[in-house]
Amino acid sequence: MSALPLFGTTGEIGAVLNGPDRRSPIVRALANDREVKPLDHLDNAVLARERIVILAQPRALGGAELVAFDAWVRRGGKAIILADPMLLWPIDLPLGDPRRAPSVTLLDPLLAHWGLALESPPPGGKPVRIASVGGRDVAVAGAGHWQSDTSACIIGDEGLVAECRIGRGRVILIADADLLDE
């Protein structure tokens with residue numbers, strides 16, 4: 001689930017249905033090994049069919065969606081969450097367009113419930129920098145860093161990654177959704 005144009009859905013409907021594969025390179029790469037499908041909402045029925053859910057800078061989720069997602073994770077669900085405190089993703093849509101991804105993560109209620117906070121990058125810092133993630137150098141843009149007040153989460157990789165055990169589930173959180181931009 002993402003408000004980012006990962007599935008090539010910001011164009012006109014005819015171009016989306018009849019044009020070339022406009023999915024992002026990360027979606028095409030993931031689709032080589034597994035079924036990847038966009039989700040437009042989260043509820044118990046949708047989540048029951050999924051083994052892994054990726055939330056990448058999603059739209060604002062309703063209260064019922066947040067409750068369903070939290071319960072699914074606690075029952076043993078696995079998730080990857082890319083939440084950005086300062087999204088720099090280039091997009092040609094005007095401000096206020098509902099197809100535009102939110103410039104900051106809107107998952108704060110869920111994150112706080114899990115004992116996490118996403119801190120913004122320091123003012124005056126470089127918007128794009130190289131960081132070590134999993135032993136590899138990657139470019140991050142406007143990346144934040146995780147803070148946790150619970151032992152259920154381990155923060156690593158310069159604060160960019162948090163790995164949390166939530167109930168019987170596991171969540172990996174990344175403090176930069178711009179990582180998905182080619």
# chains A, B, ... in the order shown; residues from 1 in each chain; ligands from 1

$ closest_atom_pairs --of "stretch 75-151 of chain A" --to "stretch 158-166 of chain A" --cutoff "10 Å" --atoms "only C-alpha atoms" --output "tab-separated table"
residue	atom	partner	partner_atom	distance
A:Arg75	CA	A:Ile166	CA	8.7
A:Gly76	CA	A:Ile166	CA	8.2
A:Gly77	CA	A:Ile166	CA	9.1
A:Lys78	CA	A:Ile166	CA	9.5
A:Ala79	CA	A:Cys164	CA	10.0
A:Ile80	CA	A:Glu163	CA	9.4
A:Ile81	CA	A:Ala162	CA	9.7
A:Leu82	CA	A:Val161	CA	9.4
A:Trp114	CA	A:Ile166	CA	7.4
A:Gly115	CA	A:Cys164	CA	9.8
A:Leu116	CA	A:Ala162	CA	8.9
A:Leu118	CA	A:Leu160	CA	9.4
A:Glu119	CA	A:Gly159	CA	9.5
A:Ala131	CA	A:Glu158	CA	7.4
A:Ser132	CA	A:Glu158	CA	7.2
A:Val133	CA	A:Leu160	CA	7.6
A:Gly134	CA	A:Val161	CA	9.1
A:Val140	CA	A:Leu160	CA	9.3
A:Ala143	CA	A:Leu160	CA	7.3
A:Gly144	CA	A:Leu160	CA	6.7
A:His145	CA	A:Gly159	CA	4.5
A:Trp146	CA	A:Gly159	CA	5.3
A:Gln147	CA	A:Gly159	CA	7.7
A:Ser148	CA	A:Ala162	CA	8.6
A:Thr150	CA	A:Cys164	CA	9.3
A:Ser151	CA	A:Cys164	CA	8.6

$ write_last_selection --atoms "N, CA, C and O atoms" --output "compact mmCIF listing (two decimals), in the first residue's frame"
# COMPACT_ATOMS: atom_id res chain seq x y z
N ARG A 75 -1.05 -10.70 15.57
CA ARG A 75 -1.38 -12.12 15.40
C ARG A 75 -0.28 -12.88 14.65
O ARG A 75 -0.41 -14.08 14.43
N GLY A 76 0.75 -12.19 14.20
CA GLY A 76 1.85 -12.87 13.52
C GLY A 76 2.15 -12.34 12.13
O GLY A 76 2.97 -12.90 11.41
N GLY A 77 1.52 -11.24 11.75
CA GLY A 77 1.77 -10.64 10.44
C GLY A 77 3.17 -10.08 10.33
O GLY A 77 3.80 -9.73 11.33
N LYS A 78 3.64 -10.02 9.10
CA LYS A 78 4.98 -9.47 8.82
C LYS A 78 4.81 -8.27 7.90
O LYS A 78 4.07 -8.34 6.91
N ALA A 79 5.51 -7.19 8.23
CA ALA A 79 5.36 -5.97 7.44
C ALA A 79 6.69 -5.26 7.28
O ALA A 79 7.58 -5.37 8.13
N ILE A 80 6.78 -4.55 6.18
CA ILE A 80 7.87 -3.61 5.93
C ILE A 80 7.20 -2.25 5.78
O ILE A 80 6.25 -2.11 5.00
N ILE A 81 7.69 -1.29 6.53
CA ILE A 81 7.10 0.05 6.48
C ILE A 81 8.19 1.04 6.12
O ILE A 81 9.22 1.11 6.80
N LEU A 82 7.97 1.78 5.05
CA LEU A 82 8.84 2.89 4.68
C LEU A 82 8.07 4.16 4.98
O LEU A 82 7.05 4.44 4.35
N TRP A 114 3.14 1.66 18.99
CA TRP A 114 4.19 0.66 19.05
C TRP A 114 5.42 1.13 19.81
O TRP A 114 6.42 0.42 19.89
N GLY A 115 5.40 2.35 20.35
CA GLY A 115 6.54 2.87 21.10
C GLY A 115 7.63 3.47 20.23
O GLY A 115 8.78 3.57 20.66
N LEU A 116 7.28 3.87 19.02
CA LEU A 116 8.26 4.44 18.08
C LEU A 116 7.94 5.89 17.76
O LEU A 116 6.79 6.30 17.79
N LEU A 118 9.35 8.81 14.73
CA LEU A 118 10.21 9.09 13.58
C LEU A 118 10.63 10.55 13.67
O LEU A 118 9.81 11.45 13.57
N GLU A 119 11.91 10.75 13.91
CA GLU A 119 12.46 12.10 14.03
C GLU A 119 12.86 12.62 12.65
O GLU A 119 13.39 11.88 11.83
N ALA A 131 24.33 6.61 3.34
CA ALA A 131 24.22 5.98 4.65
C ALA A 131 24.50 4.49 4.49
O ALA A 131 24.31 3.92 3.41
N SER A 132 24.93 3.88 5.57
CA SER A 132 25.18 2.45 5.57
C SER A 132 23.93 1.74 6.08
O SER A 132 23.49 1.96 7.21
N VAL A 133 23.35 0.90 5.23
CA VAL A 133 22.17 0.13 5.59
C VAL A 133 22.45 -1.33 5.28
O VAL A 133 22.72 -1.68 4.13
N GLY A 134 22.44 -2.15 6.30
CA GLY A 134 22.73 -3.57 6.10
C GLY A 134 24.12 -3.81 5.55
O GLY A 134 24.34 -4.76 4.82
N VAL A 140 20.23 8.18 0.66
CA VAL A 140 18.96 8.48 1.33
C VAL A 140 18.67 9.96 1.14
O VAL A 140 19.58 10.77 1.04
N ALA A 143 16.02 11.63 4.91
CA ALA A 143 15.76 10.52 5.82
C ALA A 143 15.72 10.98 7.27
O ALA A 143 16.48 11.85 7.68
N GLY A 144 14.84 10.37 8.02
CA GLY A 144 14.77 10.62 9.45
C GLY A 144 15.53 9.56 10.20
O GLY A 144 16.34 8.82 9.63
N HIS A 145 15.25 9.46 11.48
CA HIS A 145 15.82 8.38 12.28
C HIS A 145 14.81 8.00 13.36
O HIS A 145 14.02 8.81 13.82
N TRP A 146 14.85 6.71 13.70
CA TRP A 146 13.89 6.15 14.64
C TRP A 146 14.34 6.35 16.07
O TRP A 146 15.52 6.28 16.38
N GLN A 147 13.37 6.57 16.93
CA GLN A 147 13.55 6.58 18.38
C GLN A 147 12.55 5.57 18.93
O GLN A 147 11.43 5.47 18.42
N SER A 148 12.95 4.84 19.96
CA SER A 148 12.06 3.85 20.54
C SER A 148 12.12 3.91 22.05
O SER A 148 13.19 4.09 22.63
N THR A 150 10.76 1.29 23.73
CA THR A 150 10.41 -0.08 24.07
C THR A 150 11.55 -1.02 23.70
O THR A 150 12.26 -0.78 22.73
N SER A 151 11.69 -2.09 24.45
CA SER A 151 12.71 -3.10 24.13
C SER A 151 12.25 -4.00 22.99
O SER A 151 13.03 -4.82 22.51

$ residues_around --residues "A:Ser103" --least-positions-apart "2" --cutoff "7 Å" --atoms "only C-alpha atoms" --output "PyMOL selection string"
chain A and resi 86-87+101+105

$ select_by_dssp --residues "stretch 60-167 of chain A" --states "strand (DSSP E)" --output "PyMOL selection string"
chain A and resi 78-82+116-119+128-133+136-141+145-148+153-156+161-166

$ atom_distance --atom1 "atom CA of A:Ala177" --atom2 "atom CA of A:Ala56"
6.2 Å

$ select_by_dssp --residues "stretch 44-91 of chain A" --states "helix (DSSP H, G or I)" --output "PyMOL selection string"
chain A and resi 44-48+63-74

$ closest_residue --among "A:Gly135, A:Pro85, A:Gly8, A:Gly167" --to "A:Arg99" --atoms "only C-alpha atoms"
A:Gly8
